[in-house]
$ cat work.tsv   # TSV, C-alpha atoms
chain	number	residue	atom	x	y	z
Z	12	MET	CA	41.45	-61.95	-201.89
Z	13	ALA	CA	41.43	-59.62	-204.86
Z	14	SER	CA	43.88	-59.95	-207.69
Z	15	ASN	CA	46.51	-57.40	-208.57
Z	16	ASP	CA	44.48	-55.52	-211.14
Z	17	SER	CA	44.91	-51.78	-211.33
Z	18	THR	CA	41.17	-51.10	-211.64
Z	19	HIS	CA	40.77	-50.90	-207.86
Z	20	SER	CA	42.64	-48.31	-205.86
Z	21	THR	CA	42.41	-46.50	-202.59
Z	22	THR	CA	42.23	-42.78	-202.06
Z	23	LEU	CA	43.89	-41.19	-199.05
Z	24	GLY	CA	43.35	-37.68	-197.73
Z	25	SER	CA	46.36	-35.45	-197.35
Z	26	GLY	CA	46.13	-35.42	-193.56
Z	27	ASP	CA	46.84	-31.68	-193.33
Z	28	SER	CA	45.42	-30.01	-190.24
Z	29	GLY	CA	44.46	-27.11	-192.51
Z	30	GLY	CA	42.07	-29.29	-194.51
Z	31	THR	CA	42.40	-31.57	-197.48
Z	32	ARG	CA	44.09	-30.05	-200.50
Z	33	GLY	CA	43.51	-33.01	-202.75
Z	34	THR	CA	43.64	-36.76	-202.71
Z	35	THR	CA	46.25	-39.42	-203.18
Z	36	THR	CA	45.23	-42.57	-205.03
Z	37	ILE	CA	47.24	-45.76	-204.57
Z	38	ALA	CA	46.57	-48.62	-206.99
Z	39	ASP	CA	46.48	-52.22	-205.77
Z	40	THR	CA	49.42	-53.00	-208.03
Z	41	VAL	CA	51.55	-50.47	-206.16
Z	42	VAL	CA	50.90	-52.20	-202.83
Z	43	ALA	CA	51.54	-55.61	-204.44
Z	44	THR	CA	54.85	-54.40	-205.89
Z	45	ILE	CA	56.02	-52.95	-202.57
Z	46	ALA	CA	55.09	-56.18	-200.76
Z	47	GLY	CA	56.73	-58.35	-203.43
Z	48	ILE	CA	60.02	-56.50	-203.19
Z	49	ALA	CA	59.98	-56.72	-199.39
Z	50	VAL	CA	59.34	-60.49	-199.53
Z	51	ARG	CA	62.17	-61.04	-202.01
Z	52	GLU	CA	64.58	-59.19	-199.73
Z	53	THR	CA	63.87	-61.61	-196.86
Z	54	ASP	CA	66.62	-64.08	-195.93
Z	55	GLY	CA	65.60	-67.69	-196.44
Z	56	VAL	CA	63.13	-66.97	-199.25
Z	57	TYR	CA	64.26	-68.73	-202.41
Z	58	ALA	CA	61.41	-67.57	-204.67
Z	59	VAL	CA	58.03	-65.88	-204.57
Z	60	GLY	CA	55.02	-67.53	-206.20
Z	61	GLY	CA	54.10	-71.13	-206.89
Z	62	SER	CA	55.52	-73.11	-209.76
Z	63	ALA	CA	52.65	-72.22	-212.12
Z	64	SER	CA	52.81	-68.48	-211.42
Z	65	ARG	CA	56.61	-68.52	-211.67
Z	66	ALA	CA	56.47	-70.35	-215.02
Z	67	MET	CA	53.93	-67.91	-216.46
Z	68	GLY	CA	55.84	-64.99	-214.95
Z	69	SER	CA	59.07	-66.20	-216.50
Z	70	VAL	CA	57.47	-66.14	-219.95
Z	71	ARG	CA	55.94	-62.71	-219.25
Z	72	ASP	CA	59.34	-61.42	-218.03
Z	73	ARG	CA	61.05	-62.57	-221.22
Z	74	VAL	CA	58.45	-60.90	-223.41
Z	75	SER	CA	58.36	-57.62	-221.48
Z	76	LYS	CA	62.08	-57.75	-220.62
Z	77	THR	CA	61.28	-56.58	-217.07
Z	78	PRO	CA	60.64	-58.74	-214.01
Z	79	ASP	CA	57.28	-58.49	-212.24
Z	80	PRO	CA	57.96	-57.86	-208.53
Z	81	SER	CA	54.29	-58.42	-207.68
Z	82	ARG	CA	54.33	-62.02	-208.94
Z	83	GLY	CA	53.14	-64.37	-206.17
Z	84	VAL	CA	51.52	-61.51	-204.24
Z	85	LYS	CA	47.81	-60.71	-204.04
Z	86	VAL	CA	46.43	-57.71	-202.21
Z	87	GLU	CA	43.10	-56.37	-201.11
Z	88	VAL	CA	43.18	-52.65	-200.46
Z	89	GLY	CA	40.48	-50.70	-198.66
Z	90	GLU	CA	40.25	-47.03	-197.82
Z	91	THR	CA	42.82	-47.17	-195.01
Z	92	GLN	CA	43.83	-50.83	-194.72
Z	93	ALA	CA	45.43	-53.57	-196.78
Z	94	ALA	CA	45.42	-57.37	-196.57
Z	95	ILE	CA	48.15	-59.28	-198.38
Z	96	ASP	CA	48.60	-62.91	-199.51
Z	97	VAL	CA	52.02	-64.20	-200.55
Z	98	GLU	CA	53.20	-67.56	-201.81
Z	99	VAL	CA	56.85	-68.44	-201.25
Z	100	ILE	CA	59.43	-71.16	-201.61
Z	101	VAL	CA	61.87	-71.26	-198.71
Z	102	GLU	CA	65.45	-72.51	-198.60
Z	103	TYR	CA	65.89	-75.96	-197.04
Z	104	GLY	CA	67.07	-75.65	-193.46
Z	105	GLU	CA	65.48	-72.24	-192.94
Z	106	PRO	CA	63.09	-72.25	-189.96
Z	107	ILE	CA	59.77	-71.55	-191.69
Z	108	ALA	CA	58.21	-69.84	-188.67
Z	109	ASP	CA	61.18	-67.44	-188.49
Z	110	ALA	CA	60.99	-66.73	-192.24
Z	111	ALA	CA	57.23	-66.07	-191.99
Z	112	LYS	CA	57.76	-63.68	-189.06
Z	113	GLU	CA	60.47	-61.82	-190.99
Z	114	ILE	CA	58.26	-61.63	-194.11
Z	115	ARG	CA	55.41	-60.15	-192.06
Z	116	THR	CA	57.73	-57.60	-190.43
Z	117	ARG	CA	59.37	-56.49	-193.70
Z	118	VAL	CA	56.11	-56.29	-195.67
Z	119	THR	CA	54.27	-54.43	-192.92
Z	120	ASP	CA	57.10	-51.92	-192.50
Z	121	ALA	CA	57.46	-51.32	-196.24
Z	122	VAL	CA	53.75	-51.01	-197.06
Z	123	GLU	CA	52.85	-48.89	-194.03
Z	124	THR	CA	55.85	-46.58	-194.46
Z	125	MET	CA	55.44	-46.07	-198.19
Z	126	THR	CA	51.63	-45.90	-198.44
Z	127	GLY	CA	50.30	-44.95	-195.02
Z	128	LEU	CA	47.89	-47.91	-195.21
Z	129	GLU	CA	47.50	-50.13	-192.14
Z	130	VAL	CA	48.40	-53.75	-192.94
Z	131	VAL	CA	45.76	-55.82	-191.14
Z	132	GLU	CA	46.84	-59.29	-192.24
Z	133	ILE	CA	49.51	-61.08	-194.21
Z	134	ASN	CA	48.73	-64.67	-195.18
Z	135	ILE	CA	51.76	-66.70	-196.20
Z	136	LYS	CA	51.59	-69.93	-198.16
Z	137	VAL	CA	54.82	-71.92	-198.22
Z	138	SER	CA	54.39	-74.02	-201.35
Z	139	ASP	CA	57.80	-75.72	-201.48
Z	140	VAL	CA	61.27	-76.05	-200.02
Z	141	HIS	CA	64.28	-75.44	-202.25
Z	142	LEU	CA	67.09	-77.96	-202.04
Z	143	ALA	CA	70.44	-76.66	-203.25
Z	144	GLY	CA	71.74	-78.85	-206.03
Z	145	PRO	CA	74.57	-79.01	-208.53
Z	146	ASP	CA	72.83	-76.49	-210.81
Z	147	ASP	CA	72.83	-73.92	-208.00
Z	148	GLU	CA	76.53	-74.10	-207.26
Z	149	GLU	CA	79.12	-72.53	-209.50
Z	150	SER	CA	82.33	-74.51	-209.40
Z	151	ASP	CA	85.36	-74.90	-211.65
Z	152	GLU	CA	85.84	-78.49	-210.52
Z	153	PRO	CA	84.34	-81.21	-212.71
Z	154	SER	CA	81.47	-83.03	-211.11
Z	155	GLY	CA	80.92	-86.78	-211.15
Z	156	ARG	CA	83.45	-89.55	-211.74
Z	157	VAL	CA	84.03	-89.07	-215.46
Z	158	ARG	CA	86.35	-86.29	-216.63
$ encode --input "work.tsv" --output "structure tokens"
Amino acid sequence: MASNDSTHSTTLGSGDSGGTRGTTTIADTVVATIAGIAVRETDGVYAVGGSASRAMGSVRDRVSKTPDPSRGVKVEVGETQAAIDVEVIVEYGEPIADAAKEIRTRVTDAVETMTGLEVVEINIKVSDVHLAGPDDEESDEPSGRVR
């Protein structure tokens, strides 16, 4: 699977019945960004990317002051098709098969609608399960026995 570099892109014809009046070029990073946003909008997904990519991404986000929606997503884009790999962390208790099905549906719909590319495969790697802990809950009550 190719990385998300912007050196590779696909060129689509205009699809006019009157002939082509130019070309549209879609960079790999565009497809990766669309897919990343769609994955993050899926219920049951806690985070996208493995711990190493999230750690490096966190540093990159602080430096650039903008989050990278393509983090944890790799794409391979051809002339008319795209293949996508995503790495996710799911919430504990979330049926992983259901989350994977929802990820595939959302990513396919988003990429195909926005780019016109056919999504031929979406490989999902579930690298961890997130357990909600005291750091995740916001509460005004003191925790523990000591006050």
$ closest_residue --input "work.tsv" --among "Z:Ile107, Z:Val50, Z:Ile95, Z:Val101" --to "Asn134 in chain Z" --atoms "all atoms listed in the file"
Z:Ile95
$ residues_near_point --input "work.tsv" --point "(65.0, -62.5, -204.6)" --cutoff "12 Å" --atoms "all atoms listed in the file" --output "list in words"
Gly47, Ile48, Ala49, Val50, Arg51, Glu52, Thr53, Asp54, Gly55, Val56, Tyr57, Ala58, Val59, Gly60, Pro78, Asp79, Pro80, Ser81, Arg82, Val99, Ile100, Val101 and Glu102 of chain Z
$ write_last_selection --input "work.tsv" --atoms "C-alpha atoms" --output "PDB file, in the coordinates of the input"
ATOM      1  CA  GLY Z  47      56.730 -58.350-203.430  1.00  0.00           C
ATOM      2  CA  ILE Z  48      60.020 -56.500-203.190  1.00  0.00           C
ATOM      3  CA  ALA Z  49      59.980 -56.720-199.390  1.00  0.00           C
ATOM      4  CA  VAL Z  50      59.340 -60.490-199.530  1.00  0.00           C
ATOM      5  CA  ARG Z  51      62.170 -61.040-202.010  1.00  0.00           C
ATOM      6  CA  GLU Z  52      64.580 -59.190-199.730  1.00  0.00           C
ATOM      7  CA  THR Z  53      63.870 -61.610-196.860  1.00  0.00           C
ATOM      8  CA  ASP Z  54      66.620 -64.080-195.930  1.00  0.00           C
ATOM      9  CA  GLY Z  55      65.600 -67.690-196.440  1.00  0.00           C
ATOM     10  CA  VAL Z  56      63.130 -66.970-199.250  1.00  0.00           C
ATOM     11  CA  TYR Z  57      64.260 -68.730-202.410  1.00  0.00           C
ATOM     12  CA  ALA Z  58      61.410 -67.570-204.670  1.00  0.00           C
ATOM     13  CA  VAL Z  59      58.030 -65.880-204.570  1.00  0.00           C
ATOM     14  CA  GLY Z  60      55.020 -67.530-206.200  1.00  0.00           C
ATOM     15  CA  PRO Z  78      60.640 -58.740-214.010  1.00  0.00           C
ATOM     16  CA  ASP Z  79      57.280 -58.490-212.240  1.00  0.00           C
ATOM     17  CA  PRO Z  80      57.960 -57.860-208.530  1.00  0.00           C
ATOM     18  CA  SER Z  81      54.290 -58.420-207.680  1.00  0.00           C
ATOM     19  CA  ARG Z  82      54.330 -62.020-208.940  1.00  0.00           C
ATOM     20  CA  VAL Z  99      56.850 -68.440-201.250  1.00  0.00           C
ATOM     21  CA  ILE Z 100      59.430 -71.160-201.610  1.00  0.00           C
ATOM     22  CA  VAL Z 101      61.870 -71.260-198.710  1.00  0.00           C
ATOM     23  CA  GLU Z 102      65.450 -72.510-198.600  1.00  0.00           C
TER      24      GLU Z 102
END
$ closest_residue --input "work.tsv" --among "Z:Gly104, Z:Val131, Z:Ala43, Z:Arg32" --to "Ala143 in chain Z" --atoms "all atoms listed in the file"
Z:Gly104
$ closest_residue --input "work.tsv" --among "Z:Ile135, Z:Ala93, Z:Ala110, Z:Glu87" --to "Val122 in chain Z" --atoms "all atoms listed in the file"
Z:Ala93
$ closest_residue --input "work.tsv" --among "Z:Asp39, Z:Met125, Z:Gly61, Z:Glu132" --to "Val86 in chain Z" --atoms "all atoms listed in the file"
Z:Asp39
$ atom_distance --input "work.tsv" --atom1 "CA of Asp109 in chain Z" --atom2 "CA of Gln92 in chain Z"
24.8 Å
$ atom_distance --input "work.tsv" --atom1 "CA of Thr44 in chain Z" --atom2 "CA of Val137 in chain Z"
19.1 Å
$ closest_residue --input "work.tsv" --among "Z:Ala108, Z:Lys136, Z:Glu113, Z:Thr124" --to "Val84 in chain Z" --atoms "all atoms listed in the file"
Z:Lys136
$ atom_distance --input "work.tsv" --atom1 "CA of Arg117 in chain Z" --atom2 "CA of Thr34 in chain Z"
26.8 Å
